[in-house]
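Working notes, beginning with the structure itself.
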Amino acid sequence: MVRIYLRLFSILFLVGIFFGCEADVLSYDYEDQSIDSLFYTFKGAIRIEKTDIIATSGNNILKIIGNDLAMSYDLGNTWKYLENSIGIISTVHWFKDQSCLICGRTKAYWVDSSFSKIHQSTVFDFEGNVLDDNSPHFFRALRGHNDYMTIAGKEVLIWPDYFGEVDGYVSRIWYTEDCGKTIRCICKNNSTRTIDGQLIKCRHFHDCIVWEGHDELFITSGDVDNQCVLLKGHFSDGKWQYNILGQGPLFKFGSIYIEEPNIYLFCDYTGYGQNGVLKVPITDASDFSKYEYVYTCSDNFPIVKSFKIGNYSFYTYDGLVNGRVLFSYDSKPYRRLTVMFEDGNSNVSFFSNPNNAGLVLVRKGSGYNITDLKLNNCMYNFSDGMRAAGFSDFGLL
């Protein structure tokens with residue numbers, strides 16, 4: 001009878017792990033194990049706790065405390081406070097001069113390193129008019145790229161606007177070259193045309209990546225049939241021009257990144273049946289016969305993002321999958337890692353890059369709810385969970 005109970009408990013635990021259900025974190029003795037050994041033997045789950053930090057980068061930390069925003073430029077040794085007049089926050093980005101872009105649901109704002117006043121950004125739509133409506137903008141859902149990018153030798157930030165079709169939402173690609181003081185739409189769904197006159201028409205943009213040193217930008221979009229587009233933008237003489245490299249279900253991609261000479265693309269719900277990660281030489285991105293898998297997902301769920309954090313790398317699933325990610329240590333084969341949120345079952349939406357103290361945040365997602373994307377009350381301390389599980393070097397560069 002005892003054996004039957006033990007066997008039943010084991011089955012229930014494994015079922016809970018697979019479906020992302022609440023389970024207890026298994027306890028192991030890690031003291032005498034190297035990280036290398038632990039990666040192969042770890043069969044438990046990590047539990048992560050909520051934090052009031054909503055963003056961090058370098059020595060910079062931004063918190064929401066009650067009705068205030070709290071900013072630190074020295075990893076939390078000192079703090080400056082301003083009333084949170086923005087409300088819901090969707091995007092935070094620090095520039096090299098420590099000025100910070102903070103986007104709300106419908107407006108964008110910037111602060112300088114004095115953190116003495118919140119300024120509203122001037123936003124220009126694709127047609128050149130000042131955009132000041134109350135439809136949702138600026139939601140930067142896919143992450144994992146470097147925090148720093150340049151175009152024509154200038155520090156810039158370029159990001160896709162990813163949201164759901166409510167309240168007049170129109171997906172755009174946003175661009176700033178003056179640390180968020182002015183923001184311009186450089187590509188707009190159902191408005192922008194390619195060099196040969198084709199209208200760019202999709203449900204929404206998924207991701208974009210700058211090809212450093214080439215003044216080029218690659219963009220992915222979805223979600224069905226010819227809404228799935230791989231675009232290339234080129235910046236010259238102060239203007240962006242676009243070409244469609246591929247269109248249709250074969251080109252339905254989520255996240256995208258570049259490691260020369262290749263570009264890597266993450267399959268969404270593909271038109272060819274196998275989910276995973278593809279690579280192709282950058283110069284052959286329009287020829288699907290040149291694409292090859294570098295990873296195939298054994299359970300065939302869509303993996304949509306990649307994050308590299310020191311010796312660790314992670315693949316995250318889309319909103320279908322709760323409570324787990326895939327992870328690798330020191331380029332070893334990927335394994336499943338169960339992630340348990342302290343306050344309920346959910347999916348891992350994205351990882352932040354580590355700050356200079358090794359803090360990595362994850363955002364708690366809520367399935368396919370892409371009409372309520374925000375950072376407020378959604379951020380968790382991933383580093384503490386990994387280190388408590390024995391991965392003592394996690395986040396430390």
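Going by the structure tokens order, chains are called A, B, ..., each with residues numbered from 1, while ligands are numbered from 1 in the order shown.
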
Write out as a ChimeraX atom specification each polymer residue whose atoms come within 8 Å of Asn84 (chain A), counting only C-alpha atoms; drop sequence neighbours fewer than 5 positions from it. /A:64,67-69

For Leu396 (chain A), please output as a list of chain:residue names all residues within 8 Å (counting only C-alpha atoms; exclusion window: fewer than 3 positions along the same chain). A:Gly310, A:Pro354, A:Asn356, A:Ala357, A:Gly358, A:Asp393

Nearest residue to Glu127 (chain A) out of A:Tyr293, A:Ile256, A:Asn311, A:Arg184, using only C-alpha atoms? A:Arg184

Excluding region 201-205 of chain A and any residue of its chain fewer than 5 positions from it, enumerate the residues within 8 Å of it, using only C-alpha atoms, and give them as a ChimeraX atom specification. /A:160-164,170-173,189-191,219-223,226-229

Enter the distance from CA of Ile54 (chain A) to CA of Gly144 (chain A), in Å, rounded to one decimal. 15.8 Å

Length of the CA of Arg363 (chain A) to CA of Asn60 (chain A) vector [Å]: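 Answer for the CA of Arg363 (chain A) to CA of Asn60 (chain A) separation: 17.8 Å.
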
I need the residues of region 113-215 of chain A that end up classed as strand (DSSP E) by DSSP on the backbone, written out as a VMD selection string. chain A and resid 119 to 120 122 to 124 149 to 151 154 to 160 172 to 176 182 to 188 204 to 211

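For the choices A:Ile118, A:Leu250, A:Leu101, A:Ile35, the atom-to-atom distance to Leu157 (chain A) is smallest for A:Leu101 when using only C-alpha atoms.
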
Residues near His93 (chain A), cut-off 9 Å, only C-alpha atoms, skip fewer than 2 positions along chain, as a count of residues only: 12

Grab the CA of Asn59 (chain A) to CA of Leu75 (chain A) distance for me, in Å with one decimal place.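 Distance reported for this atom pair: 4.9 Å.
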
List the spatial neighbours of Phe42 (chain A) as a short mmCIF file (atom, residue, chain, number, x, y, z; two decimals) with N, CA and C atoms, in the first residue's frame - criterion: any atom at most 9 Å away, only C-alpha atoms, same-chain residues fewer than 2 positions off excluded.
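So out22.cif came out as:
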data_model
loop_
_atom_site.label_atom_id
_atom_site.label_comp_id
_atom_site.auth_asym_id
_atom_site.auth_seq_id
_atom_site.Cartn_x
_atom_site.Cartn_y
_atom_site.Cartn_z
N TYR A 28 17.41 19.30 -2.80
CA TYR A 28 18.60 18.52 -3.07
C TYR A 28 19.78 19.11 -2.30
N SER A 37 27.73 19.65 -13.19
CA SER A 37 27.08 18.41 -12.76
C SER A 37 25.63 18.65 -12.40
N LEU A 38 25.35 19.76 -11.72
CA LEU A 38 23.99 20.06 -11.30
C LEU A 38 23.06 20.20 -12.49
N PHE A 39 23.55 20.78 -13.57
CA PHE A 39 22.71 20.95 -14.76
C PHE A 39 22.15 19.61 -15.23
N TYR A 40 22.96 18.56 -15.18
CA TYR A 40 22.52 17.26 -15.66
C TYR A 40 21.64 16.52 -14.65
N GLY A 44 14.28 19.19 -10.13
CA GLY A 44 13.28 19.88 -9.34
C GLY A 44 12.68 21.05 -10.08
N ALA A 45 12.20 22.00 -9.31
CA ALA A 45 11.61 23.21 -9.85
C ALA A 45 12.18 24.39 -9.08
N LEU A 337 13.05 23.25 -17.58
CA LEU A 337 13.14 23.83 -16.24
C LEU A 337 11.75 24.28 -15.83
N ALA A 389 18.29 27.23 -6.03
CA ALA A 389 18.27 25.87 -6.56
C ALA A 389 19.67 25.31 -6.76
#

Residues within 6 Å of region 312-322 of chain A, please, as a list in words. Count only C-alpha atoms; anything in the same chain fewer than 2 positions from it doesn't count. Gly20, Pro302, Ile303, Val304, Lys305, Ser306, Phe307, Lys308, Ile309, Gly310, Arg324, Val325, Leu326, Phe327, Ser328, Tyr329, Ser346, Asn347, Gly367 and Tyr368 of chain A

Quick one: of A:Arg193, A:Glu49, A:Val111, A:Lys96, who's nearest to Tyr380 (chain A), counting only C-alpha atoms?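 Once distances to Tyr380 (chain A) are computed over only C-alpha atoms, the minimum belongs to A:Glu49.
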
Could you check the closest approach to Ser90 (chain A) for each of A:Ala108, A:Cys208, A:Ile244, A:Val156 and tell me which residue wins, using only C-alpha atoms?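 Residue with the minimum atom-to-atom distance to Ser90 (chain A): A:Ala108.
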